[in-house]
file input22.cif (mmCIF, C-alpha atoms)
data_structure
loop_
_atom_site.group_PDB
_atom_site.id
_atom_site.type_symbol
_atom_site.label_atom_id
_atom_site.label_comp_id
_atom_site.auth_asym_id
_atom_site.auth_seq_id
_atom_site.Cartn_x
_atom_site.Cartn_y
_atom_site.Cartn_z
ATOM 1 C CA MET A 1 0.000 0.000 0.000
ATOM 2 C CA LYS A 2 2.771 2.438 0.868
ATOM 3 C CA GLY A 3 4.388 2.066 -2.565
ATOM 4 C CA PHE A 4 1.059 2.606 -4.320
ATOM 5 C CA LEU A 5 0.244 5.569 -2.069
ATOM 6 C CA ASN A 6 3.608 7.170 -2.810
ATOM 7 C CA LEU A 7 3.149 6.595 -6.546
ATOM 8 C CA LEU A 8 -0.347 8.077 -6.462
ATOM 9 C CA THR A 9 0.895 11.078 -4.459
ATOM 10 C CA PHE A 10 3.828 11.591 -6.831
ATOM 11 C CA SER A 11 1.499 11.333 -9.832
ATOM 12 C CA SER A 12 -0.859 13.836 -8.231
ATOM 13 C CA ALA A 13 2.032 16.216 -7.629
ATOM 14 C CA LEU A 14 2.984 15.954 -11.306
ATOM 15 C CA GLY A 15 -0.620 16.391 -12.423
ATOM 16 C CA SER A 16 -1.115 19.401 -10.160
ATOM 17 C CA GLY A 17 2.091 20.922 -11.466
ATOM 18 C CA LEU A 18 1.150 20.401 -15.099
ATOM 19 C CA ILE A 19 -2.278 21.906 -14.570
ATOM 20 C CA ALA A 20 -0.854 24.809 -12.541
ATOM 21 C CA GLY A 21 1.573 25.522 -15.386
ATOM 22 C CA ILE A 22 -1.171 25.554 -17.995
ATOM 23 C CA PHE A 23 -3.346 27.823 -15.878
ATOM 24 C CA PHE A 24 -0.373 30.054 -15.042
ATOM 25 C CA ALA A 25 0.400 30.595 -18.716
ATOM 26 C CA PHE A 26 -3.137 31.806 -19.334
ATOM 27 C CA SER A 27 -3.154 34.210 -16.379
ATOM 28 C CA ALA A 28 0.405 35.429 -16.930
ATOM 29 C CA PHE A 29 0.279 36.181 -20.648
ATOM 30 C CA VAL A 30 -2.208 34.350 -22.885
ATOM 31 C CA MET A 31 -5.302 36.263 -21.757
ATOM 32 C CA THR A 32 -3.414 39.566 -21.839
ATOM 33 C CA ALA A 33 -2.322 38.836 -25.396
ATOM 34 C CA LEU A 34 -5.847 37.885 -26.442
ATOM 35 C CA SER A 35 -7.263 41.032 -24.854
ATOM 36 C CA ARG A 36 -4.892 43.214 -26.922
ATOM 37 C CA ILE A 37 -6.188 42.060 -30.276
ATOM 38 C CA PRO A 38 -9.594 43.023 -31.706
ATOM 39 C CA ALA A 39 -12.456 41.429 -29.746
ATOM 40 C CA ALA A 40 -13.625 39.264 -32.655
ATOM 41 C CA GLN A 41 -10.153 37.778 -33.046
ATOM 42 C CA GLY A 42 -9.777 37.233 -29.291
ATOM 43 C CA ILE A 43 -13.171 35.540 -29.134
ATOM 44 C CA ASN A 44 -12.368 33.337 -32.120
ATOM 45 C CA ALA A 45 -9.035 32.333 -30.585
ATOM 46 C CA MET A 46 -10.541 31.537 -27.187
ATOM 47 C CA GLN A 47 -13.440 29.629 -28.746
ATOM 48 C CA SER A 48 -10.878 27.519 -30.601
ATOM 49 C CA ILE A 49 -8.777 26.980 -27.466
ATOM 50 C CA ASN A 50 -11.876 25.899 -25.536
ATOM 51 C CA VAL A 51 -12.589 23.252 -28.180
ATOM 52 C CA VAL A 52 -9.081 21.858 -28.637
ATOM 53 C CA VAL A 53 -8.329 21.727 -24.907
ATOM 54 C CA LEU A 54 -10.863 18.910 -24.645
ATOM 55 C CA ASN A 55 -8.360 16.299 -25.755
ATOM 56 C CA PHE A 56 -7.130 13.028 -24.301
ATOM 57 C CA TRP A 57 -3.940 14.334 -22.681
ATOM 58 C CA PHE A 58 -5.432 17.357 -20.954
ATOM 59 C CA SER A 59 -8.469 15.360 -19.827
ATOM 60 C CA PHE A 60 -6.284 12.503 -18.565
ATOM 61 C CA VAL A 61 -4.185 14.826 -16.418
ATOM 62 C CA PHE A 62 -7.004 17.138 -15.299
ATOM 63 C CA PHE A 63 -9.597 14.481 -14.455
ATOM 64 C CA GLY A 64 -7.060 11.844 -13.426
ATOM 65 C CA THR A 65 -5.534 14.161 -10.845
ATOM 66 C CA ALA A 66 -9.017 14.977 -9.538
ATOM 67 C CA LEU A 67 -9.841 11.291 -9.165
ATOM 68 C CA ALA A 68 -6.483 10.613 -7.508
ATOM 69 C CA SER A 69 -7.123 13.542 -5.148
ATOM 70 C CA VAL A 70 -10.434 12.045 -4.040
ATOM 71 C CA VAL A 71 -8.702 8.732 -3.333
ATOM 72 C CA LEU A 72 -5.819 10.449 -1.531
ATOM 73 C CA ALA A 73 -8.182 12.532 0.602
ATOM 74 C CA ILE A 74 -9.980 9.387 1.753
ATOM 75 C CA VAL A 75 -6.720 7.517 2.394
ATOM 76 C CA SER A 76 -5.263 10.471 4.286
ATOM 77 C CA LEU A 77 -8.282 10.553 6.600
ATOM 78 C CA ALA A 78 -7.932 6.829 7.250
ATOM 79 C CA ARG A 79 -4.209 7.294 7.998
ATOM 80 C CA TRP A 80 -4.549 10.679 9.725
ATOM 81 C CA SER A 81 -1.981 10.010 12.465
ATOM 82 C CA GLN A 82 0.720 8.926 10.005
ATOM 83 C CA ALA A 83 3.424 11.237 8.724
ATOM 84 C CA GLY A 84 2.391 13.296 5.720
ATOM 85 C CA SER A 85 -1.334 12.600 5.982
ATOM 86 C CA LYS A 86 -2.344 16.164 6.816
ATOM 87 C CA ALA A 87 -0.339 17.578 3.907
ATOM 88 C CA LEU A 88 -1.791 14.882 1.666
ATOM 89 C CA PHE A 89 -5.320 15.832 2.695
ATOM 90 C CA ILE A 90 -4.639 19.547 2.180
ATOM 91 C CA GLY A 91 -3.096 18.908 -1.250
ATOM 92 C CA SER A 92 -6.088 16.837 -2.259
ATOM 93 C CA LEU A 93 -8.540 19.515 -1.140
ATOM 94 C CA LEU A 94 -6.583 22.255 -2.894
ATOM 95 C CA TYR A 95 -6.568 20.396 -6.193
ATOM 96 C CA LEU A 96 -10.277 19.665 -5.835
ATOM 97 C CA ILE A 97 -10.894 23.378 -5.209
ATOM 98 C CA SER A 98 -9.096 24.106 -8.480
ATOM 99 C CA PHE A 99 -11.204 21.457 -10.193
ATOM 100 C CA MET A 100 -14.442 22.884 -8.775
ATOM 101 C CA VAL A 101 -13.545 26.479 -9.720
ATOM 102 C CA THR A 102 -13.084 25.197 -13.253
ATOM 103 C CA ALA A 103 -16.405 23.360 -13.299
ATOM 104 C CA VAL A 104 -18.502 25.980 -11.531
ATOM 105 C CA LEU A 105 -16.955 29.229 -12.794
ATOM 106 C CA ASN A 106 -14.615 28.921 -15.793
ATOM 107 C CA VAL A 107 -16.597 26.371 -17.805
ATOM 108 C CA PRO A 108 -19.866 28.356 -17.637
ATOM 109 C CA LEU A 109 -17.939 31.428 -18.807
ATOM 110 C CA ASN A 110 -16.536 29.342 -21.669
ATOM 111 C CA ASP A 111 -20.028 28.099 -22.501
ATOM 112 C CA SER A 112 -21.347 31.661 -22.732
ATOM 113 C CA LEU A 113 -18.451 32.620 -25.009
ATOM 114 C CA ALA A 114 -19.025 29.570 -27.224
ATOM 115 C CA VAL A 115 -22.437 30.776 -28.410
ATOM 116 C CA VAL A 116 -21.654 34.442 -29.007
ATOM 117 C CA ASP A 117 -21.111 35.866 -32.491
ATOM 118 C CA PRO A 118 -17.490 37.097 -32.409
ATOM 119 C CA GLY A 119 -18.264 40.011 -34.739
ATOM 120 C CA SER A 120 -21.280 41.327 -32.845
ATOM 121 C CA THR A 121 -21.546 44.193 -30.385
ATOM 122 C CA ALA A 122 -22.898 41.725 -27.835
ATOM 123 C CA GLY A 123 -19.825 39.584 -28.440
ATOM 124 C CA ALA A 124 -17.472 42.504 -27.839
ATOM 125 C CA ASP A 125 -19.348 43.438 -24.645
ATOM 126 C CA LEU A 126 -19.233 39.861 -23.386
ATOM 127 C CA TRP A 127 -15.544 39.566 -24.290
ATOM 128 C CA SER A 128 -14.559 42.603 -22.203
ATOM 129 C CA ARG A 129 -16.278 41.098 -19.129
ATOM 130 C CA TYR A 130 -15.169 37.545 -19.924
ATOM 131 C CA VAL A 131 -11.452 38.339 -20.066
ATOM 132 C CA VAL A 132 -11.477 39.958 -16.632
ATOM 133 C CA SER A 133 -13.717 37.441 -14.856
ATOM 134 C CA TRP A 134 -12.223 34.345 -16.487
ATOM 135 C CA THR A 135 -8.685 35.480 -15.672
ATOM 136 C CA VAL A 136 -9.517 36.182 -12.022
ATOM 137 C CA TRP A 137 -10.984 32.697 -11.560
ATOM 138 C CA ASN A 138 -8.181 31.155 -13.594
ATOM 139 C CA THR A 139 -5.668 32.761 -11.234
ATOM 140 C CA VAL A 140 -7.525 31.266 -8.269
ATOM 141 C CA ARG A 141 -7.296 27.799 -9.785
ATOM 142 C CA THR A 142 -3.645 28.401 -10.690
ATOM 143 C CA LEU A 143 -2.804 29.201 -7.076
ATOM 144 C CA ALA A 144 -4.854 26.266 -5.763
ATOM 145 C CA SER A 145 -3.151 23.827 -8.153
ATOM 146 C CA LEU A 146 0.278 25.197 -7.290
ATOM 147 C CA ALA A 147 -0.442 24.956 -3.570
ATOM 148 C CA ALA A 148 -1.663 21.375 -4.128
ATOM 149 C CA LEU A 149 1.651 20.569 -5.805
ATOM 150 C CA ALA A 150 3.562 21.971 -2.824
ATOM 151 C CA SER A 151 1.360 20.043 -0.373
ATOM 152 C CA PHE A 152 1.853 16.770 -2.242
ATOM 153 C CA ILE A 153 5.622 17.304 -2.173
ATOM 154 C CA ILE A 154 5.493 18.045 1.557
ATOM 155 C CA ALA A 155 3.435 14.882 2.068
ATOM 156 C CA LEU A 156 6.014 12.792 0.216
ATOM 157 C CA ILE A 157 8.917 14.284 2.177
ATOM 158 C CA SER A 158 7.096 13.868 5.494
ATOM 159 C CA ALA A 159 6.205 10.269 4.727
ATOM 160 C CA ALA A 160 9.798 9.500 3.734
ATOM 161 C CA ARG A 161 11.103 10.963 6.994
ATOM 162 C CA GLY A 162 8.254 9.462 8.900
#

call {"tool": "encode", "arguments": {"input": "input22.cif", "output": "structure tokens"}}
result
Amino acid sequence: MKGFLNLLTFSSALGSGLIAGIFFAFSAFVMTALSRIPAAQGINAMQSINVVVLNFWFSFVFFGTALASVVLAIVSLARWSQAGSKALFIGSLLYLISFMVTAVLNVPLNDSLAVVDPGSTAGADLWSRYVVSWTVWNTVRTLASLAALASFIIALISAARG
């Protein structure tokens, strides 16, 4: 069990890091770049991104890390007194917060952008609000994923010293 738990924790750290990096790129420069071009072009680009992101590799990492986090949260509660369990639980919750922000806030924003006519006045109005709101929530999920990564690393170190 310990070997599997360590592997699952390590995999979750990698998954959290990959997702944090993707989210970071969008908050740090992608959304700024898209907001500097004409609204219709920014909308078209983001609509395309929102379609192509739904691929095997992103889904495997994003959903796989969420599933692993659920398992790790349960295991950490069952092993609460053991070294690293608290950090493991915190890391799991942080990644799941990132996951939930995506599902509850970013995806609905993406859905509203998907149906707008990029060349319309309504599209331009939506785009100006979308960029700000989406980036704020994306930054929240970036920080949560990054903190999950750190917590998973702390859990691994604590368990190794344990």

call {"tool": "closest_residue", "arguments": {"input": "input22.cif", "among": "A:Ala122, A:Ala28, A:Leu113, A:Ala40", "to": "Thr135 (chain A)", "atoms": "all atoms listed in the file"}}
result
A:Ala28

call {"tool": "closest_residue", "arguments": {"input": "input22.cif", "among": "A:Met46, A:Ile154, A:Leu34, A:Ala39", "to": "Ser112 (chain A)", "atoms": "only C-alpha atoms"}}
result
A:Met46

call {"tool": "resolve_selection", "arguments": {"input": "input22.cif", "expression": "the PyMOL selection byres ((chain A and resi 83) around 8)", "output": "ChimeraX atom specification"}}
result
/A:81-82,84-86,155,158-159,161-162

call {"tool": "closest_atom_pairs", "arguments": {"input": "input22.cif", "of": "region 69-115 of chain A", "to": "region 129-133 of chain A", "cutoff": "12 Å", "atoms": "all atoms listed in the file", "output": "Markdown table"}}
result
| residue | atom | partner | partner_atom | distance |
| --- | --- | --- | --- | --- |
| A:Leu105 | CA | A:Ser133 | CA | 9.1 |
| A:Asn106 | CA | A:Ser133 | CA | 8.6 |
| A:Val107 | CA | A:Tyr130 | CA | 11.5 |
| A:Pro108 | CA | A:Tyr130 | CA | 10.6 |
| A:Leu109 | CA | A:Tyr130 | CA | 6.8 |
| A:Asn110 | CA | A:Tyr130 | CA | 8.5 |
| A:Asp111 | CA | A:Tyr130 | CA | 10.9 |
| A:Ser112 | CA | A:Tyr130 | CA | 9.0 |
| A:Leu113 | CA | A:Tyr130 | CA | 7.8 |
| A:Ala114 | CA | A:Tyr130 | CA | 11.5 |

call {"tool": "closest_residue", "arguments": {"input": "input22.cif", "among": "A:Leu7, A:Ile97, A:Gly91, A:Pro118", "to": "Ala45 (chain A)", "atoms": "all atoms listed in the file"}}
result
A:Pro118

call {"tool": "resolve_selection", "arguments": {"input": "input22.cif", "expression": "the PyMOL selection byres ((chain A and resi 149) around 7)", "output": "NGL selection string"}}
result
:A and (13 or 16-17 or 91 or 145-148 or 150-153)

call {"tool": "resolve_selection", "arguments": {"input": "input22.cif", "expression": "the PyMOL selection byres ((chain A and resi 49) around 12)", "output": "PDB file with C-alpha atoms, keeping the file's coordinate frame"}}
result
ATOM      1  CA  PHE A  26      -3.137  31.806 -19.334  1.00  0.00           C
ATOM      2  CA  VAL A  30      -2.208  34.350 -22.885  1.00  0.00           C
ATOM      3  CA  MET A  31      -5.302  36.263 -21.757  1.00  0.00           C
ATOM      4  CA  LEU A  34      -5.847  37.885 -26.442  1.00  0.00           C
ATOM      5  CA  GLY A  42      -9.777  37.233 -29.291  1.00  0.00           C
ATOM      6  CA  ILE A  43     -13.171  35.540 -29.134  1.00  0.00           C
ATOM      7  CA  ASN A  44     -12.368  33.337 -32.120  1.00  0.00           C
ATOM      8  CA  ALA A  45      -9.035  32.333 -30.585  1.00  0.00           C
ATOM      9  CA  MET A  46     -10.541  31.537 -27.187  1.00  0.00           C
ATOM     10  CA  GLN A  47     -13.440  29.629 -28.746  1.00  0.00           C
ATOM     11  CA  SER A  48     -10.878  27.519 -30.601  1.00  0.00           C
ATOM     12  CA  ASN A  50     -11.876  25.899 -25.536  1.00  0.00           C
ATOM     13  CA  VAL A  51     -12.589  23.252 -28.180  1.00  0.00           C
ATOM     14  CA  VAL A  52      -9.081  21.858 -28.637  1.00  0.00           C
ATOM     15  CA  VAL A  53      -8.329  21.727 -24.907  1.00  0.00           C
ATOM     16  CA  LEU A  54     -10.863  18.910 -24.645  1.00  0.00           C
ATOM     17  CA  ASN A  55      -8.360  16.299 -25.755  1.00  0.00           C
ATOM     18  CA  ASN A 110     -16.536  29.342 -21.669  1.00  0.00           C
ATOM     19  CA  LEU A 113     -18.451  32.620 -25.009  1.00  0.00           C
ATOM     20  CA  ALA A 114     -19.025  29.570 -27.224  1.00  0.00           C
TER      21      ALA A 114
END

call {"tool": "residues_around", "arguments": {"input": "input22.cif", "residues": "Phe62 (chain A)", "least_positions_apart": "3", "cutoff": "9 Å", "atoms": "only C-alpha atoms", "output": "CSV table (one decimal) with C-alpha atoms, keeping the file's coordinate frame"}}
result
chain,number,residue,atom,x,y,z
A,15,GLY,CA,-0.6,16.4,-12.4
A,16,SER,CA,-1.1,19.4,-10.2
A,18,LEU,CA,1.2,20.4,-15.1
A,19,ILE,CA,-2.3,21.9,-14.6
A,57,TRP,CA,-3.9,14.3,-22.7
A,58,PHE,CA,-5.4,17.4,-21.0
A,59,SER,CA,-8.5,15.4,-19.8
A,65,THR,CA,-5.5,14.2,-10.8
A,66,ALA,CA,-9.0,15.0,-9.5
A,67,LEU,CA,-9.8,11.3,-9.2
A,99,PHE,CA,-11.2,21.5,-10.2

call {"tool": "closest_residue", "arguments": {"input": "input22.cif", "among": "A:Leu5, A:Leu72, A:Leu96, A:Ile37", "to": "Trp127 (chain A)", "atoms": "all atoms listed in the file"}}
result
A:Ile37

call {"tool": "closest_residue", "arguments": {"input": "input22.cif", "among": "A:Ser92, A:Ser27, A:Ser35, A:Ser128", "to": "Ser76 (chain A)", "atoms": "only C-alpha atoms"}}
result
A:Ser92

call {"tool": "atom_distance", "arguments": {"input": "input22.cif", "atom1": "CA of Ile90 (chain A)", "atom2": "CA of Ala103 (chain A)"}}
result
19.8 Å

call {"tool": "atom_distance", "arguments": {"input": "input22.cif", "atom1": "CA of Gln41 (chain A)", "atom2": "CA of Asp125 (chain A)"}}
result
13.7 Å

call {"tool": "axis_aligned_box", "arguments": {"input": "input22.cif", "around": "region 82-92 of chain A", "padding_each_side": "3 Å", "output": "lines of an AutoDock Vina configuration file"}}
result
center_x = -1.3
center_y = 14.2
center_z = 3.9
size_x = 15.5
size_y = 16.6
size_z = 18.3

call {"tool": "atom_distance", "arguments": {"input": "input22.cif", "atom1": "CA of Asp117 (chain A)", "atom2": "CA of Thr32 (chain A)"}}
result
21.0 Å

call {"tool": "closest_residue", "arguments": {"input": "input22.cif", "among": "A:Ile157, A:Leu8, A:Lys2, A:Phe29", "to": "Ala87 (chain A)", "atoms": "only C-alpha atoms"}}
result
A:Ile157

call {"tool": "residues_near_point", "arguments": {"input": "input22.cif", "point": "(6.5, 9.8, -2.8)", "cutoff": "7 Å", "atoms": "only C-alpha atoms", "output": "list of chain:residue names"}}
result
A:Asn6, A:Leu7, A:Thr9, A:Phe10, A:Leu156

call {"tool": "build_atoms", "arguments": {"input": "input22.cif", "residues": "region 105-116 of chain A", "atoms": "all heavy atoms", "output": "PDB file, keeping the file's coordinate frame"}}
result
ATOM      1  N   LEU A 105     -17.142  27.842 -12.368  1.00  0.00           N
ATOM      2  CA  LEU A 105     -16.955  29.229 -12.794  1.00  0.00           C
ATOM      3  C   LEU A 105     -16.370  29.375 -14.201  1.00  0.00           C
ATOM      4  O   LEU A 105     -16.935  30.083 -15.031  1.00  0.00           O
ATOM      5  CB  LEU A 105     -16.092  29.961 -11.770  1.00  0.00           C
ATOM      6  CG  LEU A 105     -16.758  30.040 -10.380  1.00  0.00           C
ATOM      7  CD1 LEU A 105     -15.749  30.354  -9.304  1.00  0.00           C
ATOM      8  CD2 LEU A 105     -17.881  31.048 -10.379  1.00  0.00           C
ATOM      9  N   ASN A 106     -15.253  28.725 -14.488  1.00  0.00           N
ATOM     10  CA  ASN A 106     -14.615  28.921 -15.793  1.00  0.00           C
ATOM     11  C   ASN A 106     -15.389  28.264 -16.932  1.00  0.00           C
ATOM     12  O   ASN A 106     -15.542  28.864 -18.003  1.00  0.00           O
ATOM     13  CB  ASN A 106     -13.163  28.436 -15.775  1.00  0.00           C
ATOM     14  CG  ASN A 106     -12.283  29.342 -14.945  1.00  0.00           C
ATOM     15  OD1 ASN A 106     -12.124  29.121 -13.753  1.00  0.00           O
ATOM     16  ND2 ASN A 106     -11.724  30.366 -15.571  1.00  0.00           N
ATOM     17  N   VAL A 107     -15.867  27.052 -16.732  1.00  0.00           N
ATOM     18  CA  VAL A 107     -16.597  26.371 -17.805  1.00  0.00           C
ATOM     19  C   VAL A 107     -17.881  27.117 -18.185  1.00  0.00           C
ATOM     20  O   VAL A 107     -18.131  27.303 -19.378  1.00  0.00           O
ATOM     21  CB  VAL A 107     -16.853  24.883 -17.456  1.00  0.00           C
ATOM     22  CG1 VAL A 107     -17.841  24.247 -18.426  1.00  0.00           C
ATOM     23  CG2 VAL A 107     -15.531  24.111 -17.466  1.00  0.00           C
ATOM     24  N   PRO A 108     -18.688  27.573 -17.227  1.00  0.00           N
ATOM     25  CA  PRO A 108     -19.866  28.356 -17.637  1.00  0.00           C
ATOM     26  C   PRO A 108     -19.490  29.634 -18.413  1.00  0.00           C
ATOM     27  O   PRO A 108     -20.205  30.022 -19.349  1.00  0.00           O
ATOM     28  CB  PRO A 108     -20.559  28.689 -16.315  1.00  0.00           C
ATOM     29  CG  PRO A 108     -20.167  27.571 -15.408  1.00  0.00           C
ATOM     30  CD  PRO A 108     -18.744  27.255 -15.786  1.00  0.00           C
ATOM     31  N   LEU A 109     -18.394  30.269 -18.037  1.00  0.00           N
ATOM     32  CA  LEU A 109     -17.939  31.428 -18.807  1.00  0.00           C
ATOM     33  C   LEU A 109     -17.572  31.003 -20.227  1.00  0.00           C
ATOM     34  O   LEU A 109     -17.906  31.678 -21.200  1.00  0.00           O
ATOM     35  CB  LEU A 109     -16.751  32.100 -18.114  1.00  0.00           C
ATOM     36  CG  LEU A 109     -17.075  32.864 -16.826  1.00  0.00           C
ATOM     37  CD1 LEU A 109     -15.801  33.237 -16.083  1.00  0.00           C
ATOM     38  CD2 LEU A 109     -17.915  34.093 -17.127  1.00  0.00           C
ATOM     39  N   ASN A 110     -16.882  29.864 -20.343  1.00  0.00           N
ATOM     40  CA  ASN A 110     -16.536  29.342 -21.669  1.00  0.00           C
ATOM     41  C   ASN A 110     -17.785  29.015 -22.481  1.00  0.00           C
ATOM     42  O   ASN A 110     -17.837  29.273 -23.685  1.00  0.00           O
ATOM     43  CB  ASN A 110     -15.658  28.100 -21.555  1.00  0.00           C
ATOM     44  CG  ASN A 110     -14.282  28.408 -21.004  1.00  0.00           C
ATOM     45  OD1 ASN A 110     -13.844  29.542 -20.983  1.00  0.00           O
ATOM     46  ND2 ASN A 110     -13.602  27.370 -20.555  1.00  0.00           N
ATOM     47  N   ASP A 111     -18.781  28.446 -21.811  1.00  0.00           N
ATOM     48  CA  ASP A 111     -20.028  28.099 -22.501  1.00  0.00           C
ATOM     49  C   ASP A 111     -20.731  29.347 -23.033  1.00  0.00           C
ATOM     50  O   ASP A 111     -21.270  29.330 -24.141  1.00  0.00           O
ATOM     51  CB  ASP A 111     -20.957  27.317 -21.571  1.00  0.00           C
ATOM     52  CG  ASP A 111     -20.439  25.918 -21.255  1.00  0.00           C
ATOM     53  OD1 ASP A 111     -19.529  25.425 -21.969  1.00  0.00           O
ATOM     54  OD2 ASP A 111     -20.940  25.318 -20.287  1.00  0.00           O
ATOM     55  N   SER A 112     -20.717  30.426 -22.263  1.00  0.00           N
ATOM     56  CA  SER A 112     -21.347  31.661 -22.732  1.00  0.00           C
ATOM     57  C   SER A 112     -20.573  32.253 -23.902  1.00  0.00           C
ATOM     58  O   SER A 112     -21.177  32.813 -24.834  1.00  0.00           O
ATOM     59  CB  SER A 112     -21.478  32.680 -21.597  1.00  0.00           C
ATOM     60  OG  SER A 112     -20.219  33.164 -21.194  1.00  0.00           O
ATOM     61  N   LEU A 113     -19.269  32.109 -23.904  1.00  0.00           N
ATOM     62  CA  LEU A 113     -18.451  32.620 -25.009  1.00  0.00           C
ATOM     63  C   LEU A 113     -18.644  31.767 -26.261  1.00  0.00           C
ATOM     64  O   LEU A 113     -18.584  32.282 -27.382  1.00  0.00           O
ATOM     65  CB  LEU A 113     -16.975  32.649 -24.608  1.00  0.00           C
ATOM     66  CG  LEU A 113     -16.049  33.389 -25.568  1.00  0.00           C
ATOM     67  CD1 LEU A 113     -16.329  34.887 -25.543  1.00  0.00           C
ATOM     68  CD2 LEU A 113     -14.599  33.111 -25.222  1.00  0.00           C
ATOM     69  N   ALA A 114     -18.906  30.493 -26.092  1.00  0.00           N
ATOM     70  CA  ALA A 114     -19.025  29.570 -27.224  1.00  0.00           C
ATOM     71  C   ALA A 114     -20.195  29.919 -28.145  1.00  0.00           C
ATOM     72  O   ALA A 114     -20.133  29.641 -29.341  1.00  0.00           O
ATOM     73  CB  ALA A 114     -19.185  28.136 -26.729  1.00  0.00           C
ATOM     74  N   VAL A 115     -21.231  30.528 -27.608  1.00  0.00           N
ATOM     75  CA  VAL A 115     -22.437  30.776 -28.410  1.00  0.00           C
ATOM     76  C   VAL A 115     -22.547  32.204 -28.922  1.00  0.00           C
ATOM     77  O   VAL A 115     -23.497  32.532 -29.624  1.00  0.00           O
ATOM     78  CB  VAL A 115     -23.712  30.408 -27.612  1.00  0.00           C
ATOM     79  CG1 VAL A 115     -23.710  28.914 -27.284  1.00  0.00           C
ATOM     80  CG2 VAL A 115     -23.846  31.242 -26.349  1.00  0.00           C
ATOM     81  N   VAL A 116     -21.583  33.047 -28.591  1.00  0.00           N
ATOM     82  CA  VAL A 116     -21.654  34.442 -29.007  1.00  0.00           C
ATOM     83  C   VAL A 116     -21.074  34.604 -30.422  1.00  0.00           C
ATOM     84  O   VAL A 116     -20.150  33.878 -30.812  1.00  0.00           O
ATOM     85  CB  VAL A 116     -20.924  35.357 -27.997  1.00  0.00           C
ATOM     86  CG1 VAL A 116     -19.420  35.216 -28.074  1.00  0.00           C
ATOM     87  CG2 VAL A 116     -21.321  36.797 -28.165  1.00  0.00           C
TER      88      VAL A 116
END
